[in-house]
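Please read the structure below before turning to the comments.
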Amino acid sequence: MTKQALVIGATGNVGRHVVSQLHHQGVPVRALSRGVRAADLPPGVEPFAADVTDAAALAAALHRVDRVFLVWRGRPVPVAEPVVAAIAGAATHLTLLSSAVVRDDGPQPDAIAELHAGLEGLVTATDLEWTFLRPAQFATNTLEWAAQLRLGDEVRGAYGDAPTTVVHERDIAAVAVQAMTGHHHGRRYVLTGPEIHTPAGLVAVIGEVLGRDLRWVEDSVEDERRRMLGWMPAAFVDVVLAGRARARQEGPLHTTTVQDVLGVPARTYREWVKDHAADLA
Ligand SMILES: NC(=O)c1ccc[n+]([C@@H]2O[C@H](COP(=O)([O-])OP(=O)(O)OC[C@H]3O[C@@H](n4cnc5c(N)ncnc54)[C@H](OP(=O)(O)O)[C@@H]3O)[C@@H](O)[C@H]2O)c1
């Protein structure tokens, strides 16, 4: 019987593309999230609605699965321990969506890095073959500006001059698919977009693509913090703001890993805006 790939977090920014790209390559896919419905998936992909921390449901989801893609959302590392153990008991390879903030050479810089380093540690302690994807900021984070763009031509925020190398979620997914279908065991892939931008520069690109005269307005960190609290868990807001301040001091994180793995150039932010023009308008 052919084995399946299990995508956990199958309806998210990255997971949905992992599902569709695996399916496109002819890999049988089971797609797990709490709210997944067949209508959200390409025809032929098996929906599996469950909470990944439900041990019985996860055991059923892992039936006849040999490789797994895992997105872990925010919950503490100990909650992930039985999840990783169950995957290790059933599958041979795990591709973990981690983060570029993880450090291999010293203490973790913040709580997000600690979480992802903890998850990676759970995986390396098993017999699983693994590939860690460590993306920089997702281009999808800039969808947070959509509400402001609907009200006018200004985008307000702090650290408008901080370097950023936002990466397209389709590229993260494409590297995941390579990891799940090729030989990438033991690799820690730091994934960035192909260009170095700033938030103010990203807004200019949106304006060019949408044909609008948009401008960045620098706000105080306190105002930005208040705005972010409207959509981001409080525990992460200060971590994200500190990360932006750090990027100004340390300079951009920039790799060619997407192109190295895929053999084609990483998608630009301009391409991302074209893909999401309807979401930003
Ligand atoms: N944003 C960035 O800049 C960035 C950068 C580097 C790394 N990351 C990491 O990337 C990950 C987020 O990826 P993403 O943006 O693709 O996620 P996302 O869009 O928030 O999607 C999360 C997916 O997981 C599912 N899910 C959440 N809780 C679940 C549970 N308990 N059981 C089963 N499924 C569950 C969600 O669907 P349901 O709600 O239906 O369950 C959804 O399919 C995080 O680990 C983050 O730290 C993010």
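As shown in the structure tokens, the chain order sets the letters A, B, ...; within each chain, residues go from 1, and ligands are also counted from 1 in the order they appear.
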With only C-alpha atoms and all ligand atoms counted and 8 Å as the cut-off, give the residues of chain A in contact with ligand 1, each with its shortest interatomic distance in Å and the pair that gives it, as JSON lines.
```
{"residue": "A:Ile8", "atom": "CA", "partner": "ligand 1", "partner_atom_place_in_ligand_line": "34 (N)", "distance": 6.0}
{"residue": "A:Gly9", "atom": "CA", "partner": "ligand 1", "partner_atom_place_in_ligand_line": "24 (O)", "distance": 3.3}
{"residue": "A:Ala10", "atom": "CA", "partner": "ligand 1", "partner_atom_place_in_ligand_line": "43 (O)", "distance": 4.4}
{"residue": "A:Thr11", "atom": "CA", "partner": "ligand 1", "partner_atom_place_in_ligand_line": "43 (O)", "distance": 3.5}
{"residue": "A:Gly12", "atom": "CA", "partner": "ligand 1", "partner_atom_place_in_ligand_line": "21 (O)", "distance": 3.2}
{"residue": "A:Asn13", "atom": "CA", "partner": "ligand 1", "partner_atom_place_in_ligand_line": "16 (O)", "distance": 3.7}
{"residue": "A:Val14", "atom": "CA", "partner": "ligand 1", "partner_atom_place_in_ligand_line": "16 (O)", "distance": 4.0}
{"residue": "A:Gly15", "atom": "CA", "partner": "ligand 1", "partner_atom_place_in_ligand_line": "16 (O)", "distance": 5.6}
{"residue": "A:Arg16", "atom": "CA", "partner": "ligand 1", "partner_atom_place_in_ligand_line": "43 (O)", "distance": 7.4}
{"residue": "A:Leu32", "atom": "CA", "partner": "ligand 1", "partner_atom_place_in_ligand_line": "34 (N)", "distance": 6.2}
{"residue": "A:Ser33", "atom": "CA", "partner": "ligand 1", "partner_atom_place_in_ligand_line": "34 (N)", "distance": 3.6}
{"residue": "A:Arg34", "atom": "CA", "partner": "ligand 1", "partner_atom_place_in_ligand_line": "41 (O)", "distance": 3.6}
{"residue": "A:Gly35", "atom": "CA", "partner": "ligand 1", "partner_atom_place_in_ligand_line": "40 (O)", "distance": 3.6}
{"residue": "A:Val36", "atom": "CA", "partner": "ligand 1", "partner_atom_place_in_ligand_line": "40 (O)", "distance": 5.4}
{"residue": "A:Ala49", "atom": "CA", "partner": "ligand 1", "partner_atom_place_in_ligand_line": "40 (O)", "distance": 7.7}
{"residue": "A:Ala50", "atom": "CA", "partner": "ligand 1", "partner_atom_place_in_ligand_line": "33 (C)", "distance": 5.8}
{"residue": "A:Asp51", "atom": "CA", "partner": "ligand 1", "partner_atom_place_in_ligand_line": "32 (N)", "distance": 3.5}
{"residue": "A:Val52", "atom": "CA", "partner": "ligand 1", "partner_atom_place_in_ligand_line": "32 (N)", "distance": 3.9}
{"residue": "A:Thr53", "atom": "CA", "partner": "ligand 1", "partner_atom_place_in_ligand_line": "31 (N)", "distance": 6.0}
{"residue": "A:Val71", "atom": "CA", "partner": "ligand 1", "partner_atom_place_in_ligand_line": "45 (O)", "distance": 5.5}
{"residue": "A:Trp72", "atom": "CA", "partner": "ligand 1", "partner_atom_place_in_ligand_line": "45 (O)", "distance": 4.7}
{"residue": "A:Arg73", "atom": "CA", "partner": "ligand 1", "partner_atom_place_in_ligand_line": "45 (O)", "distance": 4.9}
{"residue": "A:Gly74", "atom": "CA", "partner": "ligand 1", "partner_atom_place_in_ligand_line": "45 (O)", "distance": 6.4}
{"residue": "A:Leu97", "atom": "CA", "partner": "ligand 1", "partner_atom_place_in_ligand_line": "10 (O)", "distance": 5.9}
{"residue": "A:Ser98", "atom": "CA", "partner": "ligand 1", "partner_atom_place_in_ligand_line": "7 (C)", "distance": 5.5}
{"residue": "A:Ser99", "atom": "CA", "partner": "ligand 1", "partner_atom_place_in_ligand_line": "7 (C)", "distance": 4.0}
{"residue": "A:Ala100", "atom": "CA", "partner": "ligand 1", "partner_atom_place_in_ligand_line": "6 (C)", "distance": 6.1}
{"residue": "A:Val101", "atom": "CA", "partner": "ligand 1", "partner_atom_place_in_ligand_line": "6 (C)", "distance": 7.5}
{"residue": "A:Ile112", "atom": "CA", "partner": "ligand 1", "partner_atom_place_in_ligand_line": "47 (O)", "distance": 6.6}
{"residue": "A:His116", "atom": "CA", "partner": "ligand 1", "partner_atom_place_in_ligand_line": "47 (O)", "distance": 7.2}
{"residue": "A:Arg134", "atom": "CA", "partner": "ligand 1", "partner_atom_place_in_ligand_line": "6 (C)", "distance": 6.4}
{"residue": "A:Pro135", "atom": "CA", "partner": "ligand 1", "partner_atom_place_in_ligand_line": "6 (C)", "distance": 4.7}
{"residue": "A:Ala136", "atom": "CA", "partner": "ligand 1", "partner_atom_place_in_ligand_line": "5 (C)", "distance": 5.1}
{"residue": "A:Gln137", "atom": "CA", "partner": "ligand 1", "partner_atom_place_in_ligand_line": "3 (O)", "distance": 3.4}
{"residue": "A:Phe138", "atom": "CA", "partner": "ligand 1", "partner_atom_place_in_ligand_line": "3 (O)", "distance": 3.9}
{"residue": "A:Ala139", "atom": "CA", "partner": "ligand 1", "partner_atom_place_in_ligand_line": "3 (O)", "distance": 7.2}
{"residue": "A:Thr140", "atom": "CA", "partner": "ligand 1", "partner_atom_place_in_ligand_line": "1 (N)", "distance": 7.0}
{"residue": "A:Asn141", "atom": "CA", "partner": "ligand 1", "partner_atom_place_in_ligand_line": "1 (N)", "distance": 5.8}
{"residue": "A:Val166", "atom": "CA", "partner": "ligand 1", "partner_atom_place_in_ligand_line": "3 (O)", "distance": 7.8}
{"residue": "A:Glu169", "atom": "CA", "partner": "ligand 1", "partner_atom_place_in_ligand_line": "16 (O)", "distance": 7.6}
```
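Residue neighbourhood of Phe132 in chain A, excluding near-sequence residues (fewer than 3 positions): Thr95, Leu96 and Arg188 of chain A, at 6 Å, using only C-alpha atoms.
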How about saving the chosen residues, all heavy atoms kept, as a PDB file, in the first residue's frame?
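Ended up saving to out.pdb:
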```pdb
ATOM      1  N   THR A  95       9.589  17.146   8.335  1.00  0.00           N
ATOM      2  CA  THR A  95      10.008  18.491   7.934  1.00  0.00           C
ATOM      3  C   THR A  95       9.331  19.452   8.898  1.00  0.00           C
ATOM      4  O   THR A  95       8.097  19.495   8.974  1.00  0.00           O
ATOM      5  CB  THR A  95       9.583  18.797   6.485  1.00  0.00           C
ATOM      6  OG1 THR A  95      10.190  17.822   5.631  1.00  0.00           O
ATOM      7  CG2 THR A  95      10.025  20.182   6.064  1.00  0.00           C
ATOM      8  N   LEU A  96      10.137  20.189   9.644  1.00  0.00           N
ATOM      9  CA  LEU A  96       9.602  21.085  10.678  1.00  0.00           C
ATOM     10  C   LEU A  96       9.721  22.530  10.218  1.00  0.00           C
ATOM     11  O   LEU A  96      10.801  22.966   9.812  1.00  0.00           O
ATOM     12  CB  LEU A  96      10.399  20.892  11.978  1.00  0.00           C
ATOM     13  CG  LEU A  96      10.034  21.834  13.135  1.00  0.00           C
ATOM     14  CD1 LEU A  96       8.651  21.498  13.706  1.00  0.00           C
ATOM     15  CD2 LEU A  96      11.099  21.754  14.241  1.00  0.00           C
ATOM     16  N   ARG A 188      19.507  22.225   7.916  1.00  0.00           N
ATOM     17  CA  ARG A 188      18.821  23.356   8.553  1.00  0.00           C
ATOM     18  C   ARG A 188      18.828  24.483   7.522  1.00  0.00           C
ATOM     19  O   ARG A 188      19.860  25.124   7.330  1.00  0.00           O
ATOM     20  CB  ARG A 188      19.548  23.799   9.818  1.00  0.00           C
ATOM     21  CG  ARG A 188      19.611  22.747  10.919  1.00  0.00           C
ATOM     22  CD  ARG A 188      20.531  23.208  12.044  1.00  0.00           C
ATOM     23  NE  ARG A 188      20.476  22.320  13.203  1.00  0.00           N
ATOM     24  CZ  ARG A 188      21.215  21.224  13.328  1.00  0.00           C
ATOM     25  NH1 ARG A 188      22.074  20.876  12.384  1.00  0.00           N
ATOM     26  NH2 ARG A 188      21.095  20.463  14.417  1.00  0.00           N
TER      27      ARG A 188
END
```
Within 10 Å of Ala278 in chain A, counting only C-alpha atoms, which residues show up once you throw out same-chain ones fewer than 3 positions away? Write them as a short mmCIF file (atom, residue, chain, number, x, y, z; two decimals) with all heavy atoms, in the first residue's frame, please.
```cif
data_model
loop_
_atom_site.label_atom_id
_atom_site.label_comp_id
_atom_site.auth_asym_id
_atom_site.auth_seq_id
_atom_site.Cartn_x
_atom_site.Cartn_y
_atom_site.Cartn_z
N ALA A 146 -3.11 45.71 5.28
CA ALA A 146 -4.28 45.79 4.40
C ALA A 146 -5.35 46.71 4.98
O ALA A 146 -5.97 47.49 4.24
CB ALA A 146 -4.85 44.39 4.15
N LEU A 210 0.10 48.12 -7.29
CA LEU A 210 -1.34 48.44 -7.27
C LEU A 210 -1.65 49.75 -8.00
O LEU A 210 -2.82 50.12 -8.14
CB LEU A 210 -1.85 48.54 -5.83
CG LEU A 210 -1.72 47.28 -4.95
CD1 LEU A 210 -2.43 47.49 -3.61
CD2 LEU A 210 -2.28 46.04 -5.65
N VAL A 273 3.26 40.55 -4.03
CA VAL A 273 2.18 41.55 -4.05
C VAL A 273 1.21 41.23 -5.19
O VAL A 273 -0.02 41.30 -5.01
CB VAL A 273 2.74 42.98 -4.18
CG1 VAL A 273 1.59 43.99 -4.31
CG2 VAL A 273 3.60 43.34 -2.98
N LYS A 274 1.75 40.84 -6.34
CA LYS A 274 0.85 40.48 -7.45
C LYS A 274 -0.03 39.30 -7.05
O LYS A 274 -1.23 39.29 -7.34
CB LYS A 274 1.66 40.11 -8.70
CG LYS A 274 2.26 41.32 -9.39
CD LYS A 274 3.02 40.90 -10.64
CE LYS A 274 3.68 42.11 -11.28
NZ LYS A 274 4.76 41.75 -12.19
N ASP A 275 0.55 38.31 -6.37
CA ASP A 275 -0.24 37.15 -5.94
C ASP A 275 -1.31 37.53 -4.92
O ASP A 275 -2.30 36.80 -4.76
CB ASP A 275 0.68 36.08 -5.30
CG ASP A 275 1.57 35.40 -6.33
OD1 ASP A 275 1.29 35.54 -7.54
OD2 ASP A 275 2.54 34.73 -5.93
N ALA A 281 -6.13 45.06 -1.55
CA ALA A 281 -6.93 46.17 -2.11
C ALA A 281 -8.12 46.51 -1.20
O ALA A 281 -8.57 45.68 -0.43
CB ALA A 281 -7.44 45.78 -3.49
#
```
- Message: Using DSSP secondary structure from the backbone, list all strand (DSSP E) positions within range 6-209 of chain A, as JSON, numbers by chain.
- Response: {"A": [6, 7, 8, 29, 30, 31, 32, 33, 46, 47, 48, 49, 65, 66, 67, 68, 69, 70, 93, 94, 95, 96, 97, 129, 130, 131, 132, 133, 134, 135, 154, 155, 156, 157, 187, 188, 189, 190, 191]}
Save out the residues we just selected, N, CA and C atoms, as an mmCIF file, in the first residue's frame.
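Once written, out.cif looks like this:
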```
data_model
loop_
_atom_site.group_PDB
_atom_site.id
_atom_site.type_symbol
_atom_site.label_atom_id
_atom_site.label_comp_id
_atom_site.auth_asym_id
_atom_site.auth_seq_id
_atom_site.Cartn_x
_atom_site.Cartn_y
_atom_site.Cartn_z
ATOM 1 N N LEU A 6 1.694 13.360 5.506
ATOM 2 C CA LEU A 6 0.764 14.065 6.388
ATOM 3 C C LEU A 6 1.238 15.509 6.538
ATOM 4 N N VAL A 7 0.346 16.446 6.226
ATOM 5 C CA VAL A 7 0.663 17.864 6.392
ATOM 6 C C VAL A 7 -0.140 18.376 7.582
ATOM 7 N N ILE A 8 0.565 18.767 8.632
ATOM 8 C CA ILE A 8 -0.081 19.267 9.850
ATOM 9 C C ILE A 8 0.006 20.794 9.816
ATOM 10 N N VAL A 29 -1.690 12.766 -0.224
ATOM 11 C CA VAL A 29 -1.579 13.694 0.907
ATOM 12 C C VAL A 29 -2.785 13.583 1.832
ATOM 13 N N ARG A 30 -2.501 13.554 3.126
ATOM 14 C CA ARG A 30 -3.542 13.720 4.156
ATOM 15 C C ARG A 30 -3.298 15.091 4.785
ATOM 16 N N ALA A 31 -4.334 15.894 4.851
ATOM 17 C CA ALA A 31 -4.197 17.296 5.272
ATOM 18 C C ALA A 31 -4.895 17.495 6.614
ATOM 19 N N LEU A 32 -4.106 17.824 7.644
ATOM 20 C CA LEU A 32 -4.671 17.941 8.986
ATOM 21 C C LEU A 32 -4.670 19.385 9.477
ATOM 22 N N SER A 33 -5.816 19.827 9.934
ATOM 23 C CA SER A 33 -5.907 21.021 10.785
ATOM 24 C C SER A 33 -7.221 20.863 11.541
ATOM 25 N N GLU A 46 -6.871 14.097 1.112
ATOM 26 C CA GLU A 46 -7.742 13.615 2.191
ATOM 27 C C GLU A 46 -7.761 14.618 3.348
ATOM 28 N N PRO A 47 -8.923 15.195 3.672
ATOM 29 C CA PRO A 47 -8.975 16.091 4.829
ATOM 30 C C PRO A 47 -9.009 15.301 6.133
ATOM 31 N N PHE A 48 -8.350 15.802 7.147
ATOM 32 C CA PHE A 48 -8.367 15.126 8.449
ATOM 33 C C PHE A 48 -8.498 16.225 9.506
ATOM 34 N N ALA A 49 -9.735 16.467 9.946
ATOM 35 C CA ALA A 49 -9.992 17.544 10.908
ATOM 36 C C ALA A 49 -9.701 17.042 12.317
ATOM 37 N N VAL A 65 1.422 6.624 7.121
ATOM 38 C CA VAL A 65 2.123 7.862 6.736
ATOM 39 C C VAL A 65 3.617 7.634 6.915
ATOM 40 N N ASP A 66 4.415 8.042 5.921
ATOM 41 C CA ASP A 66 5.867 7.891 6.073
ATOM 42 C C ASP A 66 6.598 9.217 6.234
ATOM 43 N N ARG A 67 5.957 10.331 5.865
ATOM 44 C CA ARG A 67 6.619 11.629 6.029
ATOM 45 C C ARG A 67 5.611 12.676 6.461
ATOM 46 N N VAL A 68 6.107 13.595 7.252
ATOM 47 C CA VAL A 68 5.215 14.570 7.887
ATOM 48 C C VAL A 68 5.798 15.968 7.734
ATOM 49 N N PHE A 69 4.909 16.932 7.481
ATOM 50 C CA PHE A 69 5.265 18.358 7.553
ATOM 51 C C PHE A 69 4.545 18.918 8.762
ATOM 52 N N LEU A 70 5.276 19.591 9.640
ATOM 53 C CA LEU A 70 4.671 20.068 10.891
ATOM 54 C C LEU A 70 4.844 21.579 11.045
ATOM 55 N N HIS A 93 10.397 10.468 8.219
ATOM 56 C CA HIS A 93 10.970 11.806 7.988
ATOM 57 C C HIS A 93 10.001 12.891 8.440
ATOM 58 N N LEU A 94 10.561 13.906 9.108
ATOM 59 C CA LEU A 94 9.760 15.060 9.533
ATOM 60 C C LEU A 94 10.400 16.340 8.997
ATOM 61 N N THR A 95 9.589 17.146 8.335
ATOM 62 C CA THR A 95 10.008 18.491 7.934
ATOM 63 C C THR A 95 9.331 19.452 8.898
ATOM 64 N N LEU A 96 10.137 20.189 9.644
ATOM 65 C CA LEU A 96 9.602 21.085 10.678
ATOM 66 C C LEU A 96 9.721 22.530 10.218
ATOM 67 N N LEU A 97 8.618 23.270 10.312
ATOM 68 C CA LEU A 97 8.660 24.706 10.034
ATOM 69 C C LEU A 97 9.163 25.397 11.288
ATOM 70 N N GLU A 129 14.466 10.928 10.630
ATOM 71 C CA GLU A 129 15.214 11.790 9.730
ATOM 72 C C GLU A 129 14.458 13.116 9.702
ATOM 73 N N TRP A 130 15.177 14.208 9.595
ATOM 74 C CA TRP A 130 14.495 15.505 9.699
ATOM 75 C C TRP A 130 15.130 16.539 8.781
ATOM 76 N N THR A 131 14.329 17.544 8.464
ATOM 77 C CA THR A 131 14.800 18.754 7.787
ATOM 78 C C THR A 131 14.135 19.923 8.497
ATOM 79 N N PHE A 132 14.935 20.910 8.890
ATOM 80 C CA PHE A 132 14.379 22.092 9.538
ATOM 81 C C PHE A 132 14.363 23.254 8.545
ATOM 82 N N LEU A 133 13.189 23.854 8.383
ATOM 83 C CA LEU A 133 13.068 25.058 7.562
ATOM 84 C C LEU A 133 13.064 26.248 8.517
ATOM 85 N N ARG A 134 14.009 27.132 8.305
ATOM 86 C CA ARG A 134 14.130 28.294 9.187
ATOM 87 C C ARG A 134 13.916 29.570 8.371
ATOM 88 N N PRO A 135 12.650 29.924 8.107
ATOM 89 C CA PRO A 135 12.397 31.106 7.287
ATOM 90 C C PRO A 135 12.623 32.403 8.064
ATOM 91 N N GLU A 154 -1.685 55.846 3.336
ATOM 92 C CA GLU A 154 -0.566 55.813 4.281
ATOM 93 C C GLU A 154 -0.498 54.458 4.965
ATOM 94 N N VAL A 155 0.733 54.002 5.213
ATOM 95 C CA VAL A 155 0.934 52.874 6.113
ATOM 96 C C VAL A 155 1.795 53.378 7.258
ATOM 97 N N ARG A 156 1.269 53.297 8.460
ATOM 98 C CA ARG A 156 1.999 53.771 9.632
ATOM 99 C C ARG A 156 2.640 52.588 10.329
ATOM 100 N N GLY A 157 3.835 52.793 10.844
ATOM 101 C CA GLY A 157 4.515 51.734 11.584
ATOM 102 C C GLY A 157 5.826 52.243 12.134
ATOM 103 N N ARG A 187 19.442 18.739 7.356
ATOM 104 C CA ARG A 187 19.713 20.093 6.852
ATOM 105 C C ARG A 187 18.874 21.112 7.619
ATOM 106 N N ARG A 188 19.507 22.225 7.916
ATOM 107 C CA ARG A 188 18.821 23.356 8.553
ATOM 108 C C ARG A 188 18.828 24.483 7.522
ATOM 109 N N TYR A 189 17.695 24.674 6.857
ATOM 110 C CA TYR A 189 17.647 25.617 5.739
ATOM 111 C C TYR A 189 17.132 26.983 6.203
ATOM 112 N N VAL A 190 18.018 27.963 6.186
ATOM 113 C CA VAL A 190 17.625 29.341 6.503
ATOM 114 C C VAL A 190 17.127 29.977 5.209
ATOM 115 N N LEU A 191 15.852 30.351 5.190
ATOM 116 C CA LEU A 191 15.188 30.762 3.947
ATOM 117 C C LEU A 191 14.841 32.247 4.002
#
```
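Considering only C-alpha atoms, the residue among A:His23, A:His168, A:Ala61, A:Val83 positioned nearest to Gly44 in chain A is A:His23.
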- Task: List every residue of range 88-238 of chain A that DSSP, applied to the backbone, labels as helix (DSSP H, G or I), and write the result as number ranges by chain.
- Result: A: 88-90, 111-124, 139-151, 169-181, 199-210, 221-228, 234-238
Got a sec: who's within 8 Å of Gln21 in chain A, counting only C-alpha atoms, leaving out chain neighbours fewer than 4 positions off, as a PDB file with N, CA, C and O atoms, in the first residue's frame?
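New file selection35.pdb:
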```
ATOM      1  N   HIS A  17       0.110  25.487   0.709  1.00  0.00           N
ATOM      2  CA  HIS A  17       0.923  25.317  -0.499  1.00  0.00           C
ATOM      3  C   HIS A  17       1.714  24.010  -0.464  1.00  0.00           C
ATOM      4  O   HIS A  17       1.983  23.428  -1.518  1.00  0.00           O
ATOM      5  N   GLN A  25       2.591  17.005  -7.410  1.00  0.00           N
ATOM      6  CA  GLN A  25       3.676  16.068  -7.767  1.00  0.00           C
ATOM      7  C   GLN A  25       3.221  14.613  -7.712  1.00  0.00           C
ATOM      8  O   GLN A  25       4.035  13.702  -7.859  1.00  0.00           O
ATOM      9  N   ALA A 173       7.115  26.630   1.064  1.00  0.00           N
ATOM     10  CA  ALA A 173       6.425  25.363   0.785  1.00  0.00           C
ATOM     11  C   ALA A 173       7.192  24.537  -0.243  1.00  0.00           C
ATOM     12  O   ALA A 173       7.301  23.307  -0.109  1.00  0.00           O
ATOM     13  N   ALA A 174       7.731  25.202  -1.253  1.00  0.00           N
ATOM     14  CA  ALA A 174       8.455  24.458  -2.298  1.00  0.00           C
ATOM     15  C   ALA A 174       9.697  23.788  -1.713  1.00  0.00           C
ATOM     16  O   ALA A 174      10.027  22.648  -2.081  1.00  0.00           O
ATOM     17  N   VAL A 177       8.552  20.765   0.151  1.00  0.00           N
ATOM     18  CA  VAL A 177       8.230  19.648  -0.744  1.00  0.00           C
ATOM     19  C   VAL A 177       9.519  18.947  -1.197  1.00  0.00           C
ATOM     20  O   VAL A 177       9.577  17.713  -1.265  1.00  0.00           O
TER      21      VAL A 177
END
```
- Task: Considering only C-alpha atoms, return as a list in words whatever protein or nucleic-acid residues lie within 9 Å of Leu143 in chain A, sequence-local ones (same chain, fewer than 5 positions apart) excluded.
- Result: His276, Asp279 and Leu280 of chain A
- Task: To one decimal in Å, tell me the separation between CA of Val19 in chain A and CA of Arg170 in chain A.
- Result: 10.9 Å
- Counting only C-alpha atoms, what is within 9 Å of Pro78 in chain A, bar same-chain residues fewer than 4 positions away, as an NGL selection string? :A and (82 or 118-119)
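The interatomic distance for the pair CA of His184 in chain A and CA of Val102 in chain A works out to 19.0 Å.
In this comparison, which uses only C-alpha atoms, the residue of A:Leu115, A:Glu222, A:His183, A:Leu22 approaching Ala80 in chain A most closely is A:Leu115.
The nearest approach to Thr257 in chain A among the residues A:Leu58, A:Val175, A:Val79, A:Glu114, with only C-alpha atoms taken into account, belongs to A:Val175.
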Nearby residues (only C-alpha atoms) at most 8 Å from Val205 in chain A, same-chain spacing under 3 positions excluded, as a CSV table (one decimal) with N, CA, C and O atoms, in the first residue's frame:
```csv
chain,number,residue,atom,x,y,z
A,201,GLY,N,10.2,50.5,2.0
A,201,GLY,CA,10.4,50.1,0.6
A,201,GLY,C,9.4,49.1,0.2
A,201,GLY,O,8.9,49.1,-1.0
A,202,LEU,N,8.9,48.2,1.1
A,202,LEU,CA,7.9,47.3,0.7
A,202,LEU,C,6.6,48.0,0.4
A,202,LEU,O,5.9,47.6,-0.5
A,208,GLU,N,3.6,50.6,-6.3
A,208,GLU,CA,3.9,50.4,-7.7
A,208,GLU,C,3.0,49.3,-8.4
A,208,GLU,O,2.5,49.5,-9.5
A,209,VAL,N,2.9,48.2,-7.7
A,209,VAL,CA,2.1,47.1,-8.3
A,209,VAL,C,0.6,47.5,-8.3
A,209,VAL,O,-0.1,47.2,-9.3
A,269,TYR,N,9.4,40.2,-3.7
A,269,TYR,CA,8.2,40.8,-3.0
A,269,TYR,C,7.2,41.3,-4.1
A,269,TYR,O,6.0,41.2,-3.9
A,270,ARG,N,7.7,41.8,-5.2
A,270,ARG,CA,6.8,42.3,-6.2
A,270,ARG,C,5.9,41.1,-6.7
A,270,ARG,O,4.7,41.3,-6.8
A,273,VAL,N,3.3,40.6,-4.0
A,273,VAL,CA,2.2,41.5,-4.1
A,273,VAL,C,1.2,41.2,-5.2
A,273,VAL,O,0.0,41.3,-5.0
```
